[in-house]
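So this block is run17.cif, mmCIF, C-alpha atoms:
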```
data_my_file
#
loop_
_atom_site.group_PDB
_atom_site.id
_atom_site.type_symbol
_atom_site.label_atom_id
_atom_site.label_comp_id
_atom_site.auth_asym_id
_atom_site.auth_seq_id
_atom_site.Cartn_x
_atom_site.Cartn_y
_atom_site.Cartn_z
ATOM 1 C CA MET A 1213 -155.851 1.422 9.934
ATOM 2 C CA GLU A 1214 -157.354 -2.061 10.138
ATOM 3 C CA LEU A 1215 -156.914 -4.401 7.194
ATOM 4 C CA PHE A 1216 -159.690 -3.923 4.627
ATOM 5 C CA ASN A 1217 -160.266 -7.368 3.170
ATOM 6 C CA LYS A 1218 -162.782 -9.173 0.953
ATOM 7 C CA LYS A 1219 -165.196 -9.536 3.854
ATOM 8 C CA ASN A 1220 -165.162 -5.769 4.405
ATOM 9 C CA LYS A 1221 -165.691 -5.144 0.700
ATOM 10 C CA ASN A 1222 -168.610 -7.544 0.638
ATOM 11 C CA ARG A 1223 -170.241 -5.897 3.665
ATOM 12 C CA VAL A 1224 -170.013 -2.467 2.017
ATOM 13 C CA LEU A 1225 -171.397 -3.847 -1.243
ATOM 14 C CA LYS A 1226 -174.324 -5.440 0.561
ATOM 15 C CA ALA A 1227 -175.059 -2.211 2.429
ATOM 16 C CA VAL A 1228 -174.950 -0.178 -0.792
ATOM 17 C CA ASN A 1229 -177.350 -2.682 -2.392
ATOM 18 C CA ASN A 1230 -179.656 -2.600 0.648
ATOM 19 C CA GLU A 1231 -178.960 -6.269 1.388
ATOM 20 C CA MET A 1232 -177.513 -5.396 4.801
ATOM 21 C CA SER A 1233 -178.065 -2.509 7.211
ATOM 22 C CA TYR A 1234 -175.534 0.305 6.955
ATOM 23 C CA GLN A 1235 -175.899 0.593 10.721
ATOM 24 C CA LYS A 1236 -173.787 -2.571 11.063
ATOM 25 C CA LEU A 1237 -170.790 -1.131 9.207
ATOM 26 C CA THR A 1238 -167.501 -0.333 10.928
ATOM 27 C CA ALA A 1239 -165.826 3.078 10.687
ATOM 28 C CA SER A 1240 -163.591 2.007 7.788
ATOM 29 C CA GLU A 1241 -166.547 0.381 5.999
ATOM 30 C CA LEU A 1242 -168.587 3.572 6.425
ATOM 31 C CA HIS A 1243 -165.763 5.499 4.773
ATOM 32 C CA GLN A 1244 -166.129 3.329 1.670
ATOM 33 C CA PHE A 1245 -169.933 3.327 1.917
ATOM 34 C CA VAL A 1246 -169.966 7.122 1.680
ATOM 35 C CA GLN A 1247 -167.870 6.957 -1.483
ATOM 36 C CA HIS A 1248 -169.908 4.179 -3.137
ATOM 37 C CA TRP A 1249 -173.437 5.289 -2.304
ATOM 38 C CA ASN A 1250 -175.611 6.358 -5.233
ATOM 39 C CA TYR A 1251 -176.786 9.768 -4.054
ATOM 40 C CA ASP A 1252 -179.661 9.676 -6.538
ATOM 41 C CA ASP A 1253 -181.163 7.088 -4.168
ATOM 42 C CA GLY A 1254 -181.519 9.707 -1.451
ATOM 43 C CA ILE A 1255 -179.672 10.637 1.723
ATOM 44 C CA GLU A 1256 -181.659 8.783 4.368
ATOM 45 C CA PRO A 1257 -178.735 6.591 5.565
ATOM 46 C CA PHE A 1258 -176.647 9.637 6.380
ATOM 47 C CA LYS A 1259 -179.162 11.126 8.773
ATOM 48 C CA TRP A 1260 -178.258 8.273 11.109
ATOM 49 C CA ILE A 1261 -174.598 7.916 10.140
ATOM 50 C CA ILE A 1262 -173.557 11.493 10.965
ATOM 51 C CA LYS A 1263 -174.841 11.081 14.539
ATOM 52 C CA GLN A 1264 -172.401 8.252 15.297
ATOM 53 C CA ILE A 1265 -169.443 9.375 17.388
ATOM 54 C CA TYR A 1266 -167.227 6.662 15.890
ATOM 55 C CA LEU A 1267 -167.620 8.194 12.428
ATOM 56 C CA ASP A 1268 -164.167 9.271 11.294
ATOM 57 C CA LYS A 1269 -163.462 12.968 10.706
ATOM 58 C CA GLY A 1270 -162.293 12.176 7.177
ATOM 59 C CA THR A 1271 -165.517 10.269 6.465
ATOM 60 C CA ALA A 1272 -167.635 13.147 7.723
ATOM 61 C CA LEU A 1273 -165.678 15.617 5.599
ATOM 62 C CA CYS A 1274 -165.912 13.347 2.566
ATOM 63 C CA LEU A 1275 -169.680 13.031 2.994
ATOM 64 C CA TYR A 1276 -169.974 16.781 3.459
ATOM 65 C CA TRP A 1277 -168.438 17.420 0.048
ATOM 66 C CA MET A 1278 -170.291 14.549 -1.596
ATOM 67 C CA LEU A 1279 -173.434 16.512 -0.689
ATOM 68 C CA GLN A 1280 -172.089 19.523 -2.650
ATOM 69 C CA PRO A 1281 -172.343 22.257 -0.018
ATOM 70 C CA ASP A 1282 -170.946 24.863 -2.424
ATOM 71 C CA TYR A 1283 -174.171 24.541 -4.436
ATOM 72 C CA PHE A 1284 -175.939 26.579 -1.752
ATOM 73 C CA CYS A 1285 -173.440 29.442 -1.816
ATOM 74 C CA LYS A 1286 -175.362 31.054 -4.674
ATOM 75 C CA PHE A 1287 -178.398 31.786 -2.496
ATOM 76 C CA LYS A 1288 -178.809 35.022 -0.537
ATOM 77 C CA ASN A 1289 -180.458 33.483 2.516
ATOM 78 C CA GLU A 1290 -182.031 30.328 3.924
ATOM 79 C CA ASP A 1291 -185.505 31.357 2.804
ATOM 80 C CA GLU A 1292 -184.333 31.079 -0.801
ATOM 81 C CA ILE A 1293 -182.656 27.753 -0.051
ATOM 82 C CA LYS A 1294 -185.889 26.334 1.354
ATOM 83 C CA GLN A 1295 -187.552 26.956 -1.999
ATOM 84 C CA ASP A 1296 -184.881 25.005 -3.867
ATOM 85 C CA ILE A 1297 -185.475 21.462 -5.101
ATOM 86 C CA ASN A 1298 -182.293 20.273 -3.360
ATOM 87 C CA PHE A 1299 -183.176 21.662 0.053
ATOM 88 C CA GLU A 1300 -183.358 18.190 1.637
ATOM 89 C CA SER A 1301 -179.575 17.910 1.778
ATOM 90 C CA TYR A 1302 -179.066 21.386 3.272
ATOM 91 C CA PRO A 1303 -180.013 20.576 6.929
ATOM 92 C CA LEU A 1304 -177.751 17.523 6.718
ATOM 93 C CA ILE A 1305 -174.863 19.638 5.456
ATOM 94 C CA LYS A 1306 -175.330 22.151 8.277
ATOM 95 C CA ASP A 1307 -175.530 19.347 10.848
ATOM 96 C CA ILE A 1308 -172.230 17.878 9.626
ATOM 97 C CA GLU A 1309 -170.689 21.352 9.726
ATOM 98 C CA GLU A 1310 -171.710 21.916 13.323
ATOM 99 C CA ARG A 1311 -170.559 18.493 14.535
ATOM 100 C CA TYR A 1312 -167.265 18.640 12.636
ATOM 101 C CA ILE A 1313 -166.261 22.111 13.827
ATOM 102 C CA SER A 1314 -167.341 21.476 17.421
ATOM 103 C CA GLY A 1315 -165.098 18.396 17.669
ATOM 104 C CA PHE A 1316 -167.890 15.816 17.805
ATOM 105 C CA TYR A 1317 -165.876 13.538 15.526
ATOM 106 C CA VAL A 1318 -162.781 12.485 17.427
ATOM 107 C CA ASP A 1319 -161.036 9.852 15.309
ATOM 108 C CA GLY A 1320 -158.893 11.071 12.433
ATOM 109 C CA ASN A 1321 -157.708 7.898 10.718
ATOM 110 C CA PHE A 1322 -158.791 8.593 7.134
ATOM 111 C CA SER A 1323 -157.486 11.678 5.406
ATOM 112 C CA PHE A 1324 -159.736 13.543 3.012
ATOM 113 C CA ASP A 1325 -158.731 16.612 1.035
ATOM 114 C CA PRO A 1326 -161.632 18.547 -0.582
ATOM 115 C CA ARG A 1327 -159.176 20.471 -2.760
ATOM 116 C CA GLU A 1328 -158.147 17.255 -4.473
ATOM 117 C CA GLU A 1329 -161.586 16.460 -5.934
ATOM 118 C CA PHE A 1330 -164.044 19.249 -5.284
ATOM 119 C CA LEU A 1331 -162.295 22.603 -5.245
ATOM 120 C CA ASP A 1332 -160.406 24.693 -7.765
ATOM 121 C CA GLU A 1333 -159.817 28.382 -8.441
ATOM 122 C CA ASN A 1334 -163.334 28.741 -9.898
ATOM 123 C CA SER A 1335 -165.168 27.236 -6.920
ATOM 124 C CA SER A 1336 -167.655 29.431 -5.090
ATOM 125 C CA ILE A 1337 -167.027 28.686 -1.417
ATOM 126 C CA LYS A 1338 -167.947 31.911 0.337
ATOM 127 C CA CYS A 1339 -170.527 30.088 2.461
ATOM 128 C CA ILE A 1340 -168.188 27.232 3.421
ATOM 129 C CA PRO A 1341 -166.412 27.476 6.813
ATOM 130 C CA ALA A 1342 -162.635 27.524 6.434
ATOM 131 C CA GLU A 1343 -162.242 24.370 8.544
ATOM 132 C CA MET A 1344 -164.364 22.409 6.082
ATOM 133 C CA GLN A 1345 -161.967 23.308 3.265
ATOM 134 C CA ILE A 1346 -158.877 21.870 4.939
ATOM 135 C CA LYS A 1347 -157.483 18.376 4.524
ATOM 136 C CA SER A 1348 -158.352 16.141 7.473
ATOM 137 C CA PRO A 1349 -155.670 14.156 9.360
ATOM 138 C CA GLY A 1350 -154.921 10.475 8.789
ATOM 139 C CA ILE A 1351 -153.918 8.327 5.835
ATOM 140 C CA VAL A 1352 -155.514 8.446 2.392
ATOM 141 C CA PHE A 1353 -158.243 5.829 1.976
ATOM 142 C CA ASP A 1354 -159.664 6.590 -1.454
ATOM 143 C CA ARG A 1355 -162.561 4.784 -3.078
ATOM 144 C CA ILE A 1356 -161.626 1.171 -3.752
ATOM 145 C CA ASP A 1357 -163.250 -1.389 -6.026
ATOM 146 C CA ILE A 1358 -165.742 -3.421 -3.989
ATOM 147 C CA GLU A 1359 -167.082 -5.395 -6.955
ATOM 148 C CA PHE A 1360 -165.529 -8.840 -6.888
ATOM 149 C CA ALA A 1361 -166.249 -9.885 -10.455
ATOM 150 C CA PHE A 1362 -164.164 -8.889 -13.457
ATOM 151 C CA LEU A 1363 -163.290 -10.246 -16.887
ATOM 152 C CA ARG A 1364 -159.826 -11.315 -17.980
ATOM 153 C CA ASN A 1365 -158.110 -13.366 -20.657
ATOM 154 C CA PRO A 1366 -157.492 -17.057 -19.943
ATOM 155 C CA ASN A 1367 -154.009 -17.955 -18.772
ATOM 156 C CA GLU A 1368 -151.969 -20.739 -20.363
ATOM 157 C CA LYS A 1369 -153.292 -23.397 -18.002
ATOM 158 C CA GLU A 1370 -156.898 -22.359 -18.625
ATOM 159 C CA LEU A 1371 -156.380 -22.418 -22.395
ATOM 160 C CA LYS A 1372 -155.119 -25.993 -22.082
ATOM 161 C CA THR A 1373 -158.242 -26.854 -20.099
ATOM 162 C CA ILE A 1374 -160.449 -25.335 -22.796
ATOM 163 C CA ASN A 1375 -158.715 -27.278 -25.559
ATOM 164 C CA SER A 1376 -158.883 -30.485 -23.528
ATOM 165 C CA LYS A 1377 -162.620 -30.105 -22.968
ATOM 166 C CA ILE A 1378 -163.219 -29.374 -26.674
ATOM 167 C CA ALA A 1379 -161.294 -32.534 -27.586
ATOM 168 C CA ASP A 1380 -163.367 -34.513 -25.080
ATOM 169 C CA ALA A 1381 -166.595 -33.067 -26.517
ATOM 170 C CA ILE A 1382 -165.594 -34.270 -29.986
ATOM 171 C CA LYS A 1383 -165.022 -37.774 -28.611
ATOM 172 C CA ILE A 1384 -168.448 -37.714 -26.940
ATOM 173 C CA ILE A 1385 -170.109 -36.863 -30.252
ATOM 174 C CA GLN A 1386 -168.130 -39.589 -32.032
ATOM 175 C CA ILE A 1387 -169.604 -42.236 -29.733
ATOM 176 C CA SER A 1388 -172.934 -41.833 -31.504
ATOM 177 C CA ASN A 1389 -171.559 -40.349 -34.744
ATOM 178 C CA SER A 1390 -168.277 -42.035 -35.639
ATOM 179 C CA ASP A 1391 -167.910 -39.998 -38.851
ATOM 180 C CA PHE A 1392 -167.912 -36.643 -37.082
ATOM 181 C CA VAL A 1393 -164.928 -34.418 -37.746
ATOM 182 C CA TYR A 1394 -164.853 -30.929 -36.260
ATOM 183 C CA GLY A 1395 -164.587 -28.448 -39.102
ATOM 184 C CA GLU A 1396 -167.594 -26.389 -40.145
ATOM 185 C CA THR A 1397 -169.202 -24.772 -37.117
ATOM 186 C CA ASN A 1398 -172.737 -25.139 -38.472
ATOM 187 C CA ASP A 1399 -172.192 -28.887 -38.798
ATOM 188 C CA ALA A 1400 -170.741 -28.994 -35.291
ATOM 189 C CA ILE A 1401 -173.792 -27.269 -33.821
ATOM 190 C CA LYS A 1402 -176.021 -29.821 -35.497
ATOM 191 C CA ALA A 1403 -173.845 -32.641 -34.159
ATOM 192 C CA ILE A 1404 -174.017 -31.246 -30.608
ATOM 193 C CA ILE A 1405 -177.817 -31.236 -30.759
ATOM 194 C CA GLU A 1406 -177.887 -34.810 -32.097
ATOM 195 C CA SER A 1407 -175.541 -35.889 -29.321
ATOM 196 C CA ILE A 1408 -177.751 -34.303 -26.675
ATOM 197 C CA GLU A 1409 -180.783 -36.125 -28.043
ATOM 198 C CA TYR A 1410 -178.824 -39.388 -28.071
ATOM 199 C CA TRP A 1411 -177.586 -39.085 -24.473
ATOM 200 C CA LYS A 1412 -180.973 -38.016 -23.064
ATOM 201 C CA THR A 1413 -182.040 -41.655 -23.025
ATOM 202 C CA LYS A 1414 -178.697 -43.151 -21.962
ATOM 203 C CA GLU A 1415 -176.808 -43.586 -18.714
ATOM 204 C CA LEU A 1416 -174.019 -41.030 -18.785
ATOM 205 C CA GLY A 1417 -171.705 -42.930 -16.499
ATOM 206 C CA LYS A 1418 -168.283 -41.315 -16.842
ATOM 207 C CA ILE A 1419 -169.354 -39.225 -19.851
ATOM 208 C CA LYS A 1420 -168.714 -35.548 -19.070
ATOM 209 C CA ILE A 1421 -171.639 -34.299 -21.114
ATOM 210 C CA LYS A 1422 -171.117 -30.659 -19.982
ATOM 211 C CA ASN A 1423 -167.968 -30.553 -22.095
ATOM 212 C CA LEU A 1424 -170.203 -30.233 -25.144
ATOM 213 C CA SER A 1425 -170.696 -26.636 -24.039
ATOM 214 C CA TYR A 1426 -167.011 -25.947 -24.741
ATOM 215 C CA LEU A 1427 -167.408 -27.132 -28.322
ATOM 216 C CA TRP A 1428 -170.533 -24.989 -28.602
ATOM 217 C CA MET A 1429 -168.637 -21.952 -27.318
ATOM 218 C CA ASP A 1430 -165.774 -22.689 -29.676
ATOM 219 C CA CYS A 1431 -168.263 -22.565 -32.560
ATOM 220 C CA ILE A 1432 -169.322 -19.096 -31.383
ATOM 221 C CA HIS A 1433 -165.657 -18.164 -31.035
ATOM 222 C CA LYS A 1434 -164.933 -19.182 -34.629
ATOM 223 C CA LYS A 1435 -168.209 -18.144 -36.284
ATOM 224 C CA HIS A 1436 -168.777 -14.779 -34.580
ATOM 225 C CA ASN A 1437 -165.190 -13.900 -33.571
ATOM 226 C CA TRP A 1438 -166.021 -13.990 -29.881
ATOM 227 C CA SER A 1439 -163.073 -14.338 -27.508
ATOM 228 C CA TRP A 1440 -162.458 -16.847 -24.774
ATOM 229 C CA ILE A 1441 -162.821 -15.116 -21.430
ATOM 230 C CA ILE A 1442 -162.583 -15.809 -17.718
ATOM 231 C CA TRP A 1443 -165.307 -14.362 -15.510
ATOM 232 C CA ASP A 1444 -163.274 -14.095 -12.318
ATOM 233 C CA TRP A 1445 -164.925 -13.819 -8.916
ATOM 234 C CA GLU A 1446 -161.635 -13.701 -6.963
ATOM 235 C CA THR A 1447 -162.846 -16.743 -5.013
ATOM 236 C CA GLY A 1448 -163.554 -18.735 -8.180
ATOM 237 C CA ASN A 1449 -164.069 -18.287 -11.896
ATOM 238 C CA ASN A 1450 -166.083 -19.349 -14.926
ATOM 239 C CA ILE A 1451 -164.908 -19.955 -18.471
ATOM 240 C CA GLY A 1452 -166.898 -18.406 -21.281
ATOM 241 C CA VAL A 1453 -166.833 -16.484 -24.537
ATOM 242 C CA THR A 1454 -167.509 -12.778 -24.986
ATOM 243 C CA ASN A 1455 -168.133 -10.497 -27.940
ATOM 244 C CA ALA A 1456 -165.768 -7.776 -29.170
ATOM 245 C CA THR A 1457 -167.248 -5.090 -26.918
ATOM 246 C CA LYS A 1458 -167.336 -7.489 -23.946
ATOM 247 C CA GLU A 1459 -170.961 -6.537 -23.369
ATOM 248 C CA LEU A 1460 -172.344 -10.041 -23.951
ATOM 249 C CA THR A 1461 -170.986 -13.259 -22.474
ATOM 250 C CA CYS A 1462 -171.923 -16.930 -22.578
ATOM 251 C CA LEU A 1463 -170.587 -19.237 -19.875
ATOM 252 C CA ALA A 1464 -169.759 -22.937 -19.864
ATOM 253 C CA ASP A 1465 -172.104 -25.777 -18.852
ATOM 254 C CA THR A 1466 -175.487 -24.033 -18.600
ATOM 255 C CA ILE A 1467 -176.724 -24.600 -22.141
ATOM 256 C CA ILE A 1468 -175.980 -28.311 -21.865
ATOM 257 C CA ASN A 1469 -177.452 -28.573 -18.357
ATOM 258 C CA HIS A 1470 -180.676 -26.978 -19.583
ATOM 259 C CA THR A 1471 -181.042 -29.205 -22.636
ATOM 260 C CA ILE A 1472 -179.860 -32.599 -21.372
ATOM 261 C CA ASP A 1473 -182.473 -32.535 -18.604
ATOM 262 C CA GLY A 1474 -185.243 -31.297 -20.911
ATOM 263 C CA PHE A 1475 -185.646 -27.892 -19.265
ATOM 264 C CA GLN A 1476 -185.128 -26.364 -22.726
ATOM 265 C CA LYS A 1477 -185.516 -27.877 -26.162
ATOM 266 C CA SER A 1478 -182.172 -28.816 -27.671
ATOM 267 C CA SER A 1479 -182.938 -26.496 -30.592
ATOM 268 C CA ILE A 1480 -182.054 -23.544 -28.332
ATOM 269 C CA ILE A 1481 -178.412 -24.562 -28.857
ATOM 270 C CA SER A 1482 -178.760 -23.619 -32.519
ATOM 271 C CA ASP A 1483 -181.099 -20.673 -31.923
ATOM 272 C CA LEU A 1484 -178.726 -18.816 -29.615
ATOM 273 C CA TYR A 1485 -175.740 -19.623 -31.844
ATOM 274 C CA LYS A 1486 -177.543 -17.996 -34.797
ATOM 275 C CA ASP A 1487 -179.035 -15.056 -32.865
ATOM 276 C CA LEU A 1488 -175.620 -13.928 -31.621
ATOM 277 C CA GLU A 1489 -174.457 -13.038 -35.126
ATOM 278 C CA GLY A 1490 -173.597 -9.330 -35.222
ATOM 279 C CA ALA A 1491 -174.871 -8.705 -31.686
ATOM 280 C CA SER A 1492 -172.942 -6.078 -29.717
ATOM 281 C CA ASN A 1493 -175.456 -5.870 -26.880
ATOM 282 C CA PHE A 1494 -178.953 -6.984 -25.941
ATOM 283 C CA TYR A 1495 -180.512 -4.252 -28.057
ATOM 284 C CA ASP A 1496 -179.101 -5.912 -31.169
ATOM 285 C CA LEU A 1497 -180.949 -9.152 -30.510
ATOM 286 C CA LYS A 1498 -184.201 -9.614 -32.368
ATOM 287 C CA ARG A 1499 -185.435 -11.621 -29.396
ATOM 288 C CA ASP A 1500 -184.072 -12.599 -26.009
ATOM 289 C CA PRO A 1501 -185.396 -15.772 -24.403
ATOM 290 C CA TYR A 1502 -181.861 -16.416 -23.153
ATOM 291 C CA SER A 1503 -180.807 -13.983 -20.420
ATOM 292 C CA GLY A 1504 -183.627 -14.908 -18.066
ATOM 293 C CA ILE A 1505 -182.485 -18.537 -17.954
ATOM 294 C CA GLY A 1506 -178.757 -17.923 -17.601
ATOM 295 C CA LEU A 1507 -177.662 -18.624 -21.180
ATOM 296 C CA LEU A 1508 -176.561 -15.081 -22.011
ATOM 297 C CA PHE A 1509 -175.203 -12.418 -19.677
ATOM 298 C CA SER A 1510 -174.789 -8.675 -19.933
ATOM 299 C CA THR A 1511 -171.222 -7.911 -18.833
ATOM 300 C CA ASP A 1512 -170.842 -4.259 -19.798
ATOM 301 C CA HIS A 1513 -170.702 -3.398 -16.074
ATOM 302 C CA LEU A 1514 -167.656 -5.575 -15.469
ATOM 303 C CA LYS A 1515 -164.124 -4.297 -15.733
ATOM 304 C CA PHE A 1516 -161.645 -6.045 -18.015
ATOM 305 C CA ARG A 1517 -158.239 -6.670 -16.519
ATOM 306 C CA GLU A 1518 -155.319 -7.279 -18.816
#
```
Can I see the file as structure tokens?
Amino acid sequence: MELFNKKNKNRVLKAVNNEMSYQKLTASELHQFVQHWNYDDGIEPFKWIIKQIYLDKGTALCLYWMLQPDYFCKFKNEDEIKQDINFESYPLIKDIEERYISGFYVDGNFSFDPREEFLDENSSIKCIPAEMQIKSPGIVFDRIDIEFAFLRNPNEKELKTINSKIADAIKIIQISNSDFVYGETNDAIKAIIESIEYWKTKELGKIKIKNLSYLWMDCIHKKHNWSWIIWDWETGNNIGVTNATKELTCLADTIINHTIDGFQKSSIISDLYKDLEGASNFYDLKRDPYSGIGLLFSTDHLKFRE
């Protein structure tokens, strides 16, 4: 079997999301496409896919069972089936059956065993041909994760980076407020806003103004018990903070970028800090002017890797 790399994963993901034609997928990519497709979105892609001679036998068998052919075993005849709400998938199932049994699909690289996932002693399979119940030849190529992004804890090096940027943010504030000492988070939020207003009219030079976002996130970390997190994209990553359920996440830089250039009023730094108190998800927020401008992200769909 050919190597299935990040490029292959990305092609499958794009096809599933209708950002790329499924007709451009290779045989191995089609095998993953079949396993990732949301069947509530219809079966239109498969009317074309099953007619391709390069479709692997295991992929065809996998698709066949994804379409739940045993559902139709309860009907007495095809006239009854035609009256059923799920009739649309029936002709497709029968077409796969005919092609599979007749030897239309030649390649057998990807093994699929319907008894592993779809069949048990209680299954009604009287209408299913025996050949469609047997494991196909090849190697197992189960559903793999095609989503690149995931959450994880910062490693030791990343924690040092976070602490370094917080220390730099404190020094930036002290340029315009020499008496500032980082202690109370509410005072720190106020100091961040004052620093933003100060630097709006100044040449930044070597000042790394974005580092103020790390102090802001540290205030959220301390005030609301949010955890430092890495939003990892496999090809890169972002540092941020996330709540206990990991459903909400704020990332570095954006809140400072938006306020230093005047895109948002600097008061949003305090507003979001306050509005996050007790928030487990977006439904807990009394208002949400934040997600649409990249200040707050829903991350409940992302896996957390230890």
Residues matched by the PyMOL selection byres ((chain A and resi 1395) around 12) as a PyMOL selection string:
chain A and resi 1382+1392-1394+1396-1401+1403+1427+1430-1431+1434-1435
So, with all atoms listed in the file as the atoms that count, which of A:Ile1421, A:Ile1451, A:Ala1342, A:Val1228 lies closest to Ile1358 of chain A?
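The shortest atom-to-atom distance to Ile1358 of chain A comes from A:Val1228.
If you look at atom CA of Arg1517 of chain A and atom CA of Asp1354 of chain A, they are 20.1 Å away from each other.
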Just so the selection is clear, what residues does the PyMOL selection byres ((chain A and resi 1307) around 12) cover here, as a VMD selection string?
chain A and resid 1258 to 1263 1272 to 1273 1275 to 1276 1281 1301 to 1306 1308 to 1314 1316
Expand the PyMOL selection byres ((chain A and resi 1234) around 12) into the individual residues it matches in the shown file, reporting them as number ranges by chain.
A: 1223-1233, 1235-1239, 1241-1246, 1249, 1256-1261, 1264
Answer as a list in words, residues within 12 Å of (-182.7, -28.2, -32.8) using all atoms listed in the file:
Asn1398, Ile1401, Lys1402, Ala1403, Ile1404, Ile1405, Glu1406, Ser1407, Ile1408, Glu1409, Thr1471, Gln1476, Lys1477, Ser1478, Ser1479, Ile1480, Ile1481, Ser1482, Asp1483, Leu1484, Tyr1485 and Lys1486 of chain A
Excluding Phe1322 of chain A and any residue of its chain fewer than 2 positions from it, enumerate the residues within 9 Å of it, using all atoms listed in the file, and give them as a PyMOL selection string.
chain A and resi 1213+1240+1243+1268-1271+1319-1320+1324+1348-1354
Around all the atoms of segment 1314-1329 of chain A listed in the file, draw an axis-aligned box and extend it by 4 Å on each of the six sides; I want its centre and edge lengths in Å to one decimal, as JSON.
```
{"center_x": -162.7, "center_y": 14.7, "center_z": 5.9, "size_x": 18.4, "size_y": 21.6, "size_z": 31.7}
```
